[in-house]
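Quick notes on the structure that follows.
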Amino acid sequence: MTNFADLGLSQKVLSAVADAGYATPTPIQAGAIPPALQRRDILGIAQTGTGKTASFVLPMLTLLEKGRARARMPRTLILEPTRELAAQVAENFDKYGKNHKLNIALLIGGVSFDEQDRKLERGADVLICTPGRLLDHCERGKLLMSGVEILVIDEADRMLDMGFIPDIERIAKLIPFTRQTLFFSATMPPEIQKLADRFLQNPERVEVARRSSTAITVTQRFVASHAKDYEKRAMLRDLIRSQDELKNAIIFCNRKKDVAELFRSLDRHGFSVGALHGDMDQRSRMTMLANFKDGNIKLLVASDVAARGLDIPDVSHVFNFDVPIHAEDYVHRIGRTGRAGRSGASFTIVTKRDVKFSDAIEKLIGQKVEWLSGDLSELPEPMESHENGRRGRDGRRDRKKDVERSGRDRAEHKADTAHSDSVAELESVVERVVAVKPERNAENKHSQAGRNNRPGRAQTPANDDNRDRRGRNRRDHDDGPTPLGFGDEIPAFMLIAGKA
DNA sequence: AAAAAAC
C-alpha cells in the first residue's frame with residue numbers, strides 16, 4: 001500500500017498531512033498526485049468524498065514552494081461551481097498549507113469586493129473562485145491572468161449543468177496555453193469529454209470507482225404521505241422524533257421557498273434547525289453551514305445547493321421532504337450520510353404525485369426502496385380538520401397521544417396559517433437562530449432575551465427588509481415566549497447542547 | 001415541479 005511519503009510531496013506538505021491525521025492516500029490521491037507533481041495535465045474522474053480536493057491541493061502546495069506571487073498576477077486558479085465549495089477548498093489550503101506562507105484569495109459572490117481586491121493587490125498564489133465573481137474582477141481590469149501556471153476545473157459536469165461552460169471557456173482563454181490543467185468531473189458525458197479534449201494536453205487519466213448507486217451503509221426508506229404541505233410537515237416531525245440515533249440531519253426540499261417555509265415551521269416547533277439555500281445572504285449561508293458542522297444546529301433544511309460536494313462528515317440522517325425531480329440528485333442527497341463506511345439513514349416522503357420520480361429513483365439505483373409503514377395504497381384518509389387529530393397509521397397511535405396531538409395540531413395550524421415565503425423573513429429568523437446559538441439551551445430557547453439579541457446587520461438597509469412594516473421583527477408578535485409548549489416532548493438530542 | 005451563479 002502506498003504511503004503519502006512515496007508520492008513526491010514536499011516535507012512541509014507531508015508534515016501538515018500527518019498533523020491532519022492522514023497516513024494513507026485515497027486512490028484518487030495516489031493516482032493523481034505523482035503525475036501532477038511532474039506537471040502533467042490530469043483528467044480526474046471522481047466524486048466528492050473520494051479525497052479529490054486533496055489530490056490537487058497537495059501537489060499545488062508543493063509546486064508553489066518555488067517562486068513568489070506578484071501583484072495582480074495570480075499563480076494558480078481554481079474554479080468551483082458554488083460558493084460553499086470554493087470556501088471549502090480554501091479551508092483545505094489553510095489546513096495543508098499551514099507550513100507555507102502563501103496568499104490564498106477566495107473570490108466568490110455575495111461578499112465584499114474590496115477585501116478580495118486588496119488580496120489581489122498583495123499578490124495571490126492561489127485564487128479560488130466561482131466564475132461570475134472572477135470575471136467581474138477581470139472586467140474591472142484588476143487581474144492579470146498571464147502568470148497563471150496551474151488551472152483547476154473542479155466539478156466540471158456540475159458546471160455544465162449550471163450553464164457555466166461559456167464562462168469557463170472565457171476564463172481559460174485568458175490563461176497561457178503553457179499552463180498545467182487539472183480537470184475533475186464526477187461523470188464523463190460526451191460534452192464533458194469534448195471539453196476535456198479541448199482543455200487538456202496528453203492528460204493522465206485517473207478514474208476511481210464511481211459510486212453508481214447508493215452506499216450500502218445507508219438505510220433507505222420511502223414514507224407515504226398526503227400531498228398537503230402541513231401533512232408532510234407533520235409526517236416529517238413524527239419521523240424525526242421517532243429516530244433513536246439521530247445525531248444530525250439534512251432535510252432537502254426542491255424549492256427555495258419551501259426551504260424557508262419548512263425551516264420556519266420546524267423552528268416554531270422547537271427544533272434546533274438551520275436553513276441553507278442560494279437566495280440567503282452569504283453571511284447567513286456561511287454561518288449556517290459552520291454551525292451545522294460544529295453541531296450547534298442539529299437539523300439543516302437545504303436546497304440542492306447542499307446536495308453535492310459539501311464535506312460535512314458524519315451526518316446521521318437525510319430526509320427528503322420532497323422527492324428530487326432528477327433521480328441523480330437523490331444519490332447525491334443521500335450520499336451526505338453513510339460516508340466513510342459509517343452507517344446512515346435516509347427517509348424520502350413520497351406523495352401520489354411523486355410516484356414517477358420515486359420510480360425513476362428505484363430504476364437508477366437498481367433496487368426497490370422499502371416503505372416505512374405501508375405504501376401509498378395503504379395511506380389512511382387525509383385528516384379533515386386539524387381538530388380531529390390525525391388518524392394513526394396502522395393504529396400506531398393510542399388515544400392519549402391523539403388528545404395530545406389535537407392541541408399540537410392547533411398550534412401547527414397557527415404556525416402554518418401565519419405563512420410567509422419571504423426570503424427576507426427567513427433571513428431574519430436565521431439571524432435570531434445564529435445570534436442566540438451559543439447560550440441557547442432548553443431553558444432560554446424561547447426567552448425574549450435571546451430573541452432580541454441580534455448582532456451584526458442591524459444597521460444595514462438590507463436588514464430593514466428583514467423586519468416587517470411596523471419596524472419590528474415579525475417573530476416577536478406571533479407567539480409567546482413558549483410558543484408551542486411541547487416541553488418534555490422534544491427529545492433531548494434535538495435541543496441545542498447547552499450543557500455539553 | 002428546481003437550483004445554482006455577478007453587480
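We label chains A, B, ... in the order they appear in the C-alpha cells, count residues from 1 in each chain, and number ligands from 1 in the order shown.
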
Handout entry: Interface list for chain A, partner chain B, 10 Å threshold, only C-alpha atoms (C1' of nucleotides), as number ranges by chain
Key = A: 81-83, 108-110, 130-137, 158-159, 161-164, 253-256, 277-279, 303-305, 324-326, 353-354

Fill in the blank from the handout: Here atom CA of A:Ile171 and atom CA of A:Met145 stand apart by 8.8 Å

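Look at A:Cys129: the protein and nucleic acid residues within 7 Å of it, using only C-alpha atoms (C1' of nucleotides) and passing over chain neighbours fewer than 3 places away, are Ile78, Leu79, Glu80, Ala86, Leu106, Leu107, Ile108 and Leu134 of chain A.
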
Exercise for the section: Give me, please, the distance in Å between atom CA of A:Arg72 and atom CA of A:Val89, quoted to one decimal. Expected result: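 Atom-to-atom, atom CA of A:Arg72 and atom CA of A:Val89 are spaced 20.9 Å apart.
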
Near stretch 218-230 of chain A, counting only C-alpha atoms (C1' of nucleotides), which residues have an atom at most 8 Å away, once you skip same-chain residues fewer than 4 positions from it, shown as a CSV table (one decimal) with N, CA and C atoms, in the first residue's frame?
```
chain,number,residue,atom,x,y,z
A,214,THR,N,-26.2,3.9,-4.3
A,214,THR,CA,-26.1,4.5,-3.0
A,214,THR,C,-25.3,3.5,-2.1
A,234,ALA,N,-46.1,17.4,9.3
A,234,ALA,CA,-46.4,16.6,10.5
A,234,ALA,C,-45.7,15.3,10.4
A,235,MET,N,-45.7,14.7,9.2
A,235,MET,CA,-45.1,13.4,8.9
A,235,MET,C,-43.6,13.5,9.2
A,334,ILE,N,-28.6,11.6,-0.6
A,334,ILE,CA,-28.4,10.6,0.5
A,334,ILE,C,-27.0,10.2,0.7
A,337,THR,N,-25.0,11.2,3.9
A,337,THR,CA,-24.9,10.4,5.1
A,337,THR,C,-24.2,9.0,4.7
A,338,GLY,N,-23.9,8.3,5.7
A,338,GLY,CA,-23.2,7.0,5.5
A,338,GLY,C,-21.8,7.1,4.8
A,343,SER,N,-22.6,4.2,9.2
A,343,SER,CA,-24.0,3.9,8.8
A,343,SER,C,-24.8,5.2,8.8
A,344,GLY,N,-25.8,5.2,8.0
A,344,GLY,CA,-26.7,6.3,7.9
A,344,GLY,C,-28.1,5.9,7.6
A,345,ALA,N,-29.0,6.8,7.7
A,345,ALA,CA,-30.4,6.5,7.4
A,345,ALA,C,-31.0,7.6,6.5
A,346,SER,N,-31.8,7.3,5.6
A,346,SER,CA,-32.5,8.3,4.8
A,346,SER,C,-33.9,7.9,4.6
A,347,PHE,N,-34.7,9.0,4.7
A,347,PHE,CA,-36.2,8.8,4.5
A,347,PHE,C,-36.7,9.8,3.5
A,348,THR,N,-37.5,9.3,2.5
A,348,THR,CA,-38.0,10.2,1.5
A,348,THR,C,-39.5,10.2,1.5
A,349,ILE,N,-40.1,11.4,1.7
A,349,ILE,CA,-41.5,11.5,1.8
A,349,ILE,C,-42.1,11.5,0.4
A,350,VAL,N,-42.9,10.5,0.1
A,350,VAL,CA,-43.5,10.3,-1.2
A,350,VAL,C,-45.0,10.6,-1.2
A,351,THR,N,-45.5,11.4,-2.1
A,351,THR,CA,-46.9,11.6,-2.2
A,351,THR,C,-47.4,11.0,-3.6
A,352,LYS,N,-48.7,11.0,-3.8
A,352,LYS,CA,-49.2,10.4,-5.1
A,352,LYS,C,-48.5,11.0,-6.3
A,353,ARG,N,-48.4,12.3,-6.3
A,353,ARG,CA,-47.8,13.0,-7.5
A,353,ARG,C,-46.3,12.8,-7.7
A,369,VAL,N,-36.9,0.4,-3.0
A,369,VAL,CA,-36.7,1.0,-1.7
A,369,VAL,C,-37.9,0.6,-0.8
A,370,GLU,N,-37.6,0.1,0.4
A,370,GLU,CA,-38.7,-0.3,1.2
A,370,GLU,C,-39.6,0.8,1.8
A,371,TRP,N,-40.9,0.6,1.9
A,371,TRP,CA,-41.7,1.6,2.5
A,371,TRP,C,-41.7,1.5,4.0
A,372,LEU,N,-41.7,2.6,4.7
A,372,LEU,CA,-41.6,2.5,6.2
A,372,LEU,C,-42.7,1.9,6.8
A,373,SER,N,-44.0,2.3,6.5
A,373,SER,CA,-45.1,1.6,7.1
A,373,SER,C,-46.3,1.7,6.1
A,374,GLY,N,-46.1,0.9,5.1
A,374,GLY,CA,-47.2,0.8,4.1
A,374,GLY,C,-47.0,1.8,3.0
A,375,ASP,N,-47.3,1.4,1.8
A,375,ASP,CA,-47.0,2.3,0.6
A,375,ASP,C,-48.2,3.2,0.4
A,376,LEU,N,-48.3,3.9,-0.7
A,376,LEU,CA,-49.3,4.9,-0.9
A,376,LEU,C,-50.7,4.3,-0.9
A,379,LEU,N,-52.3,4.3,2.5
A,379,LEU,CA,-52.3,5.5,3.3
A,379,LEU,C,-53.7,5.8,3.8
A,382,PRO,N,-57.0,11.4,4.4
A,382,PRO,CA,-56.4,12.6,5.0
A,382,PRO,C,-57.2,13.1,6.1
A,412,GLU,N,-49.9,23.8,15.2
A,412,GLU,CA,-49.3,23.7,13.9
A,412,GLU,C,-50.1,24.5,12.9
A,416,ASP,N,-48.8,27.4,10.6
A,416,ASP,CA,-48.9,27.2,9.2
A,416,ASP,C,-49.7,28.3,8.5
```

Practice task
Give me every helix (DSSP H, G or I) residue in stretch 278-359 of chain A, going by DSSP on the backbone, as an NGL selection string.
Solution key: :A and (282-294 or 304-306 or 327-334 or 339-341 or 352-359)

Handout entry: Two-atom distance - atom CA of A:Ala306, atom CA of A:Gln88 (Å)
Key =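 That distance, rounded to one decimal, is 12.4 Å.
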
Which of stretch 62-229 of chain A fall in strand (DSSP E or B), as a JSON list (two decimals) with N, CA, C and O atoms, in the first residue's frame:
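The result, stored in part_26.json:
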```json
[["chain", "number", "residue", "atom", "x", "y", "z"],
["A", 70, "ARG", "N", 3.29, 37.86, -7.73],
["A", 70, "ARG", "CA", 3.41, 39.30, -7.95],
["A", 70, "ARG", "C", 2.03, 39.95, -7.92],
["A", 70, "ARG", "O", 1.03, 39.28, -8.15],
["A", 73, "MET", "N", -1.09, 39.33, -10.22],
["A", 73, "MET", "CA", -0.77, 38.22, -11.12],
["A", 73, "MET", "C", -0.82, 36.90, -10.38],
["A", 73, "MET", "O", 0.21, 36.40, -9.93],
["A", 76, "THR", "N", -1.92, 30.53, -9.58],
["A", 76, "THR", "CA", -2.78, 29.37, -9.85],
["A", 76, "THR", "C", -4.23, 29.79, -9.69],
["A", 76, "THR", "O", -4.54, 30.77, -9.00],
["A", 77, "LEU", "N", -5.11, 29.04, -10.33],
["A", 77, "LEU", "CA", -6.52, 29.40, -10.34],
["A", 77, "LEU", "C", -7.38, 28.15, -10.22],
["A", 77, "LEU", "O", -7.18, 27.17, -10.95],
["A", 78, "ILE", "N", -8.33, 28.17, -9.30],
["A", 78, "ILE", "CA", -9.22, 27.03, -9.10],
["A", 78, "ILE", "C", -10.66, 27.50, -9.31],
["A", 78, "ILE", "O", -11.08, 28.49, -8.71],
["A", 79, "LEU", "N", -11.39, 26.82, -10.16],
["A", 79, "LEU", "CA", -12.79, 27.19, -10.42],
["A", 79, "LEU", "C", -13.74, 26.19, -9.78],
["A", 79, "LEU", "O", -13.58, 24.97, -9.95],
["A", 104, "ILE", "N", -3.68, 33.13, -0.20],
["A", 104, "ILE", "CA", -4.83, 32.47, -0.81],
["A", 104, "ILE", "C", -5.95, 33.49, -0.91],
["A", 104, "ILE", "O", -6.30, 34.14, 0.08],
["A", 105, "ALA", "N", -6.53, 33.65, -2.09],
["A", 105, "ALA", "CA", -7.65, 34.58, -2.23],
["A", 105, "ALA", "C", -8.89, 33.83, -2.68],
["A", 105, "ALA", "O", -8.86, 33.08, -3.65],
["A", 106, "LEU", "N", -9.96, 34.04, -1.93],
["A", 106, "LEU", "CA", -11.24, 33.41, -2.25],
["A", 106, "LEU", "C", -12.10, 34.46, -2.95],
["A", 106, "LEU", "O", -12.48, 35.46, -2.34],
["A", 107, "LEU", "N", -12.37, 34.25, -4.23],
["A", 107, "LEU", "CA", -13.16, 35.23, -4.98],
["A", 107, "LEU", "C", -14.54, 34.66, -5.26],
["A", 107, "LEU", "O", -14.75, 33.95, -6.24],
["A", 126, "VAL", "N", -2.74, 31.56, -4.84],
["A", 126, "VAL", "CA", -3.86, 30.71, -5.23],
["A", 126, "VAL", "C", -5.14, 31.55, -5.27],
["A", 126, "VAL", "O", -5.45, 32.25, -4.30],
["A", 127, "LEU", "N", -5.85, 31.48, -6.38],
["A", 127, "LEU", "CA", -7.18, 32.09, -6.47],
["A", 127, "LEU", "C", -8.20, 30.97, -6.48],
["A", 127, "LEU", "O", -8.11, 30.04, -7.28],
["A", 128, "ILE", "N", -9.18, 31.06, -5.61],
["A", 128, "ILE", "CA", -10.24, 30.06, -5.60],
["A", 128, "ILE", "C", -11.54, 30.81, -5.89],
["A", 128, "ILE", "O", -11.89, 31.73, -5.15],
["A", 129, "CYS", "N", -12.21, 30.46, -6.98],
["A", 129, "CYS", "CA", -13.27, 31.33, -7.49],
["A", 129, "CYS", "C", -14.53, 30.60, -7.89],
["A", 129, "CYS", "O", -14.50, 29.46, -8.32],
["A", 150, "ILE", "N", -1.08, 27.07, -13.10],
["A", 150, "ILE", "CA", -1.92, 25.88, -12.91],
["A", 150, "ILE", "C", -3.39, 26.31, -12.90],
["A", 150, "ILE", "O", -3.76, 27.25, -12.18],
["A", 151, "LEU", "N", -4.20, 25.65, -13.70],
["A", 151, "LEU", "CA", -5.64, 25.89, -13.72],
["A", 151, "LEU", "C", -6.34, 24.62, -13.25],
["A", 151, "LEU", "O", -6.09, 23.53, -13.78],
["A", 152, "VAL", "N", -7.22, 24.76, -12.26],
["A", 152, "VAL", "CA", -8.00, 23.61, -11.81],
["A", 152, "VAL", "C", -9.47, 23.85, -12.14],
["A", 152, "VAL", "O", -10.03, 24.89, -11.78],
["A", 153, "ILE", "N", -10.07, 22.93, -12.83],
["A", 153, "ILE", "CA", -11.51, 22.99, -13.09],
["A", 153, "ILE", "C", -12.13, 21.83, -12.32],
["A", 153, "ILE", "O", -11.90, 20.67, -12.63],
["A", 180, "GLN", "N", -0.49, 24.24, -16.75],
["A", 180, "GLN", "CA", -0.86, 22.87, -16.40],
["A", 180, "GLN", "C", -2.34, 22.89, -16.02],
["A", 180, "GLN", "O", -2.77, 23.77, -15.28],
["A", 181, "THR", "N", -3.11, 21.94, -16.50],
["A", 181, "THR", "CA", -4.54, 21.93, -16.21],
["A", 181, "THR", "C", -4.95, 20.65, -15.50],
["A", 181, "THR", "O", -4.62, 19.54, -15.93],
["A", 182, "LEU", "N", -5.63, 20.81, -14.39],
["A", 182, "LEU", "CA", -6.17, 19.68, -13.64],
["A", 182, "LEU", "C", -7.69, 19.75, -13.73],
["A", 182, "LEU", "O", -8.30, 20.75, -13.33],
["A", 183, "PHE", "N", -8.28, 18.74, -14.30],
["A", 183, "PHE", "CA", -9.70, 18.78, -14.65],
["A", 183, "PHE", "C", -10.42, 17.63, -13.94],
["A", 183, "PHE", "O", -10.04, 16.47, -14.08],
["A", 184, "PHE", "N", -11.44, 17.97, -13.17],
["A", 184, "PHE", "CA", -12.15, 16.92, -12.41],
["A", 184, "PHE", "C", -13.63, 16.92, -12.73],
["A", 184, "PHE", "O", -14.25, 17.98, -12.89],
["A", 185, "SER", "N", -14.18, 15.74, -12.82],
["A", 185, "SER", "CA", -15.61, 15.60, -13.06],
["A", 185, "SER", "C", -16.08, 14.28, -12.45],
["A", 185, "SER", "O", -15.33, 13.31, -12.40],
["A", 204, "GLU", "N", -3.01, 12.66, -17.89],
["A", 204, "GLU", "CA", -3.03, 11.40, -17.16],
["A", 204, "GLU", "C", -4.47, 11.21, -16.69],
["A", 204, "GLU", "O", -5.02, 12.06, -16.01],
["A", 205, "ARG", "N", -5.06, 10.11, -17.09],
["A", 205, "ARG", "CA", -6.45, 9.87, -16.73],
["A", 205, "ARG", "C", -6.50, 9.05, -15.44],
["A", 205, "ARG", "O", -5.92, 7.97, -15.37],
["A", 206, "VAL", "N", -7.14, 9.58, -14.45],
["A", 206, "VAL", "CA", -7.25, 8.88, -13.17],
["A", 206, "VAL", "C", -8.72, 8.70, -12.85],
["A", 206, "VAL", "O", -9.46, 9.67, -12.69],
["A", 207, "GLU", "N", -9.16, 7.47, -12.80],
["A", 207, "GLU", "CA", -10.57, 7.23, -12.55],
["A", 207, "GLU", "C", -10.74, 6.38, -11.32],
["A", 207, "GLU", "O", -10.06, 5.37, -11.16],
["A", 218, "VAL", "N", -26.18, 2.94, 3.98],
["A", 218, "VAL", "CA", -27.30, 3.84, 4.20],
["A", 218, "VAL", "C", -28.63, 3.09, 4.11],
["A", 218, "VAL", "O", -28.94, 2.48, 3.09],
["A", 219, "THR", "N", -29.37, 3.10, 5.19],
["A", 219, "THR", "CA", -30.71, 2.52, 5.18],
["A", 219, "THR", "C", -31.65, 3.49, 4.47],
["A", 219, "THR", "O", -31.72, 4.66, 4.83],
["A", 220, "GLN", "N", -32.34, 3.01, 3.45],
["A", 220, "GLN", "CA", -33.24, 3.90, 2.70],
["A", 220, "GLN", "C", -34.68, 3.48, 2.90],
["A", 220, "GLN", "O", -35.00, 2.30, 2.80],
["A", 221, "ARG", "N", -35.54, 4.44, 3.13],
["A", 221, "ARG", "CA", -36.97, 4.15, 3.25],
["A", 221, "ARG", "C", -37.78, 5.21, 2.53],
["A", 221, "ARG", "O", -37.43, 6.40, 2.57],
["A", 222, "PHE", "N", -38.86, 4.78, 1.89],
["A", 222, "PHE", "CA", -39.87, 5.72, 1.40],
["A", 222, "PHE", "C", -40.94, 5.82, 2.48],
["A", 222, "PHE", "O", -41.23, 4.84, 3.18],
["A", 223, "VAL", "N", -41.53, 7.00, 2.59],
["A", 223, "VAL", "CA", -42.59, 7.20, 3.57],
["A", 223, "VAL", "C", -43.79, 7.82, 2.84],
["A", 223, "VAL", "O", -43.67, 8.88, 2.24],
["A", 224, "ALA", "N", -44.93, 7.13, 2.88],
["A", 224, "ALA", "CA", -46.11, 7.63, 2.16],
["A", 224, "ALA", "C", -46.77, 8.77, 2.91],
["A", 224, "ALA", "O", -46.92, 8.73, 4.13]]
```
